[in-house]
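Enquirer: This is the structure I want to talk about, given as structure tokens.
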Amino acid sequence: MGLLNVDESKIRYTPLPLGRAAADQYTEKMNREYDWMSRVYDLFMFIFPRWKVWIRSVLPHIVGSEILEVSFGPGYLLTRYATKSYYRVSGIDFNKRMVALAQKKMSKLGAMVELRQGKVEQLPYDDASFDTVINTMAFTGYPDGDRALAEMKRVLRHGGRLLLVDFDYPKNRNRAGYWLVRFAEKVGDIVKDIGAALDRAGFAYEDRAIGGFGSVHLFICTKKDD
Ligand SMILES: C[S@@+](CC[C@H](N)C(=O)[O-])C[C@H]1O[C@@H](n2cnc3c(N)ncnc32)[C@H](O)[C@@H]1O
């Protein structure tokens with residue numbers, strides 16, 4: 001440990017809500033917050049454009065043509081790829097207002113996407129339907145990360161990609177990145193050891209630090225044989 005780094009003993013992950021009922025309660029509480037956040041989310045991204053840069057980092061890693069974006073929020077990222085005619089894009093988000101906002105953006109752009117309201121924990125898609133699943137800045141908001149990963153893996157084709165961007169502690173444990181992650185937890189996120197969760201889910205992955213003093217990670221994950 002140096003002055004600029006935190007001791008390993010300080011690396012703590014958020015205790016998970018216990019049981020299905022507590023998990024659902026957490027999601028409902030966050031969903032009420034997303035109702036009002038939907039009104040200011042685009043403004044937030046305008047004021048803080050790094051966010052857009054972080055989530056756009058997935059774009060060069062998309063493979064194939066069948067794409068699913070899980071938890072697209074107000075749909076900024078969709079506007080950056082869903083208009084391309086060689087993609088067939090589906091999307092799902094739990095918050096109805098977010099779905100309506102994203103749908104409006106897609107209609108304005110004339111993009112043919114299939115957006116619906118629903119939960120990552122129960123994706124309404126057949127096994128092995130997608131080449132790429134995109135998930136940005138949402139994983140730390142899921143009460144059951146293992147379940148979410150299992151579902152995203154199930155709907156991916158063999159060799160397909162999960163592109164996941166979210167906060168986790170910086171690998172070098174620097175203080176600035178550490179406090180950003182602690183802040184995310186303060187505002188309600190469930191901070192997870194994402195690498196360990198991807199290991200448990202059986203993904204092969206590369207973990208790239210893309211910002212926030214190493215606290216914003218892009219995970220480029222490949223579905224392997226079980
Ligand atoms: C912080 S926003 C991220 C939006 C966007 N992907 C981005 O990168 O800015 C998190 C989104 O996750 C959605 N969400 C939260 N829990 C969910 C769940 N269990 N299933 C599906 N979507 C969920 C919320 O409705 C919200 O739109």
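Identifiers in the structure tokens: chain A, B, ... in order shown; residue index from 1 per chain; ligand index from 1 in order shown.
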Counting only C-alpha atoms and all ligand atoms, what residues are within 8 Å of ligand 1, given as a ChimeraX atom specification?
Expert: /A:27,30-31,34,38,41,51-52,55,70-77,92-96,98-99,117-121,135-139,141-143,148,165
Enquirer: Can you list every residue in chain A that DSSP puts in alpha helix (DSSP H), as a PyMOL selection string?
Expert: chain A and resi 19-47+50-56+76-81+96-109+145-154+175-186+194-201
Enquirer: For the residues in that selection, give me C-alpha atoms as a tab-separated table (two decimals), in the first residue's frame.
Expert:
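Okay, result_3.tsv is ready:
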```
chain	number	residue	atom	x	y	z
A	19	GLY	CA	-33.99	-13.69	-1.07
A	20	ARG	CA	-36.34	-13.05	-3.96
A	21	ALA	CA	-38.66	-10.70	-2.03
A	22	ALA	CA	-35.82	-8.41	-0.90
A	23	ALA	CA	-34.36	-8.43	-4.42
A	24	ASP	CA	-37.72	-7.44	-5.93
A	25	GLN	CA	-38.14	-4.72	-3.31
A	26	TYR	CA	-34.73	-3.27	-4.22
A	27	THR	CA	-35.60	-3.29	-7.95
A	28	GLU	CA	-38.97	-1.60	-7.30
A	29	LYS	CA	-37.33	1.08	-5.15
A	30	MET	CA	-34.70	1.78	-7.82
A	31	ASN	CA	-37.41	1.77	-10.47
A	32	ARG	CA	-39.21	4.61	-8.70
A	33	GLU	CA	-35.93	6.54	-8.75
A	34	TYR	CA	-35.52	5.83	-12.48
A	35	ASP	CA	-38.99	7.33	-13.03
A	36	TRP	CA	-37.68	10.77	-12.11
A	37	MET	CA	-34.15	10.11	-13.39
A	38	SER	CA	-35.62	9.49	-16.85
A	39	ARG	CA	-36.49	13.21	-16.96
A	40	VAL	CA	-32.93	14.39	-16.32
A	41	TYR	CA	-30.81	11.53	-17.68
A	42	ASP	CA	-30.14	13.09	-21.08
A	43	LEU	CA	-29.27	16.38	-19.39
A	44	PHE	CA	-26.89	14.54	-17.03
A	45	MET	CA	-25.10	12.99	-20.02
A	46	PHE	CA	-24.90	16.40	-21.69
A	47	ILE	CA	-23.30	17.92	-18.59
A	50	ARG	CA	-17.49	11.23	-20.29
A	51	TRP	CA	-20.43	8.93	-19.52
A	52	LYS	CA	-21.22	8.75	-23.24
A	53	VAL	CA	-17.58	8.07	-24.05
A	54	TRP	CA	-17.51	5.22	-21.53
A	55	ILE	CA	-20.63	3.52	-22.83
A	56	ARG	CA	-19.66	4.04	-26.48
A	76	TYR	CA	-28.48	7.11	-26.04
A	77	LEU	CA	-26.32	4.14	-27.03
A	78	LEU	CA	-29.05	2.75	-29.28
A	79	THR	CA	-28.92	6.00	-31.27
A	80	ARG	CA	-25.27	5.24	-31.99
A	81	TYR	CA	-25.66	1.82	-33.61
A	96	LYS	CA	-41.51	2.02	-18.56
A	97	ARG	CA	-40.58	5.70	-18.91
A	98	MET	CA	-37.10	4.78	-20.13
A	99	VAL	CA	-38.63	2.42	-22.70
A	100	ALA	CA	-40.97	5.19	-23.92
A	101	LEU	CA	-38.09	7.69	-24.17
A	102	ALA	CA	-35.86	5.30	-26.10
A	103	GLN	CA	-38.73	4.31	-28.38
A	104	LYS	CA	-39.34	7.98	-29.18
A	105	LYS	CA	-35.68	8.44	-30.14
A	106	MET	CA	-35.78	5.33	-32.32
A	107	SER	CA	-38.96	6.44	-34.09
A	108	LYS	CA	-37.45	9.87	-34.78
A	109	LEU	CA	-34.42	8.18	-36.37
A	145	GLY	CA	-25.90	-10.36	-10.63
A	146	ASP	CA	-25.42	-14.11	-11.06
A	147	ARG	CA	-28.97	-14.52	-12.29
A	148	ALA	CA	-28.59	-11.57	-14.67
A	149	LEU	CA	-25.38	-13.03	-16.12
A	150	ALA	CA	-26.93	-16.49	-16.47
A	151	GLU	CA	-29.80	-14.99	-18.45
A	152	MET	CA	-27.58	-12.85	-20.67
A	153	LYS	CA	-25.42	-15.92	-21.32
A	154	ARG	CA	-28.42	-18.13	-22.08
A	175	ARG	CA	-7.76	6.16	-3.91
A	176	ALA	CA	-9.59	8.29	-6.48
A	177	GLY	CA	-11.07	5.24	-8.23
A	178	TYR	CA	-11.79	3.60	-4.88
A	179	TRP	CA	-13.84	6.61	-3.73
A	180	LEU	CA	-15.76	6.78	-6.98
A	181	VAL	CA	-16.87	3.19	-6.41
A	182	ARG	CA	-17.78	3.97	-2.79
A	183	PHE	CA	-19.82	6.92	-4.09
A	184	ALA	CA	-21.70	4.65	-6.50
A	185	GLU	CA	-22.59	2.45	-3.53
A	186	LYS	CA	-23.72	5.51	-1.51
A	194	ILE	CA	-17.70	-8.33	-11.63
A	195	GLY	CA	-14.71	-10.44	-12.66
A	196	ALA	CA	-15.56	-13.07	-10.05
A	197	ALA	CA	-19.20	-13.07	-11.21
A	198	LEU	CA	-18.09	-13.57	-14.83
A	199	ASP	CA	-15.86	-16.46	-13.71
A	200	ARG	CA	-18.78	-18.09	-11.90
A	201	ALA	CA	-20.97	-17.61	-14.98
```
Enquirer: In Å, with one decimal, what is the gap from atom CA of Val63 of chain A to atom CA of Ile210 of chain A?
Expert: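 So the answer is 19.9 Å.
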Enquirer: From the list A:Val155, A:Leu123, A:Ala209, A:Ala204, which residue is nearest Pro170 of chain A when using only C-alpha atoms?
Expert: A:Ala209
Enquirer: By how many Å are atom CA of Asn174 of chain A and atom CA of Val216 of chain A apart?
Expert: 12.7 Å
Enquirer: Figure out the distance between atom CA of Asn5 of chain A and atom CA of Pro17 of chain A, please, to one decimal in Å.
Expert: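 Distance reported for this atom pair: 29.3 Å.
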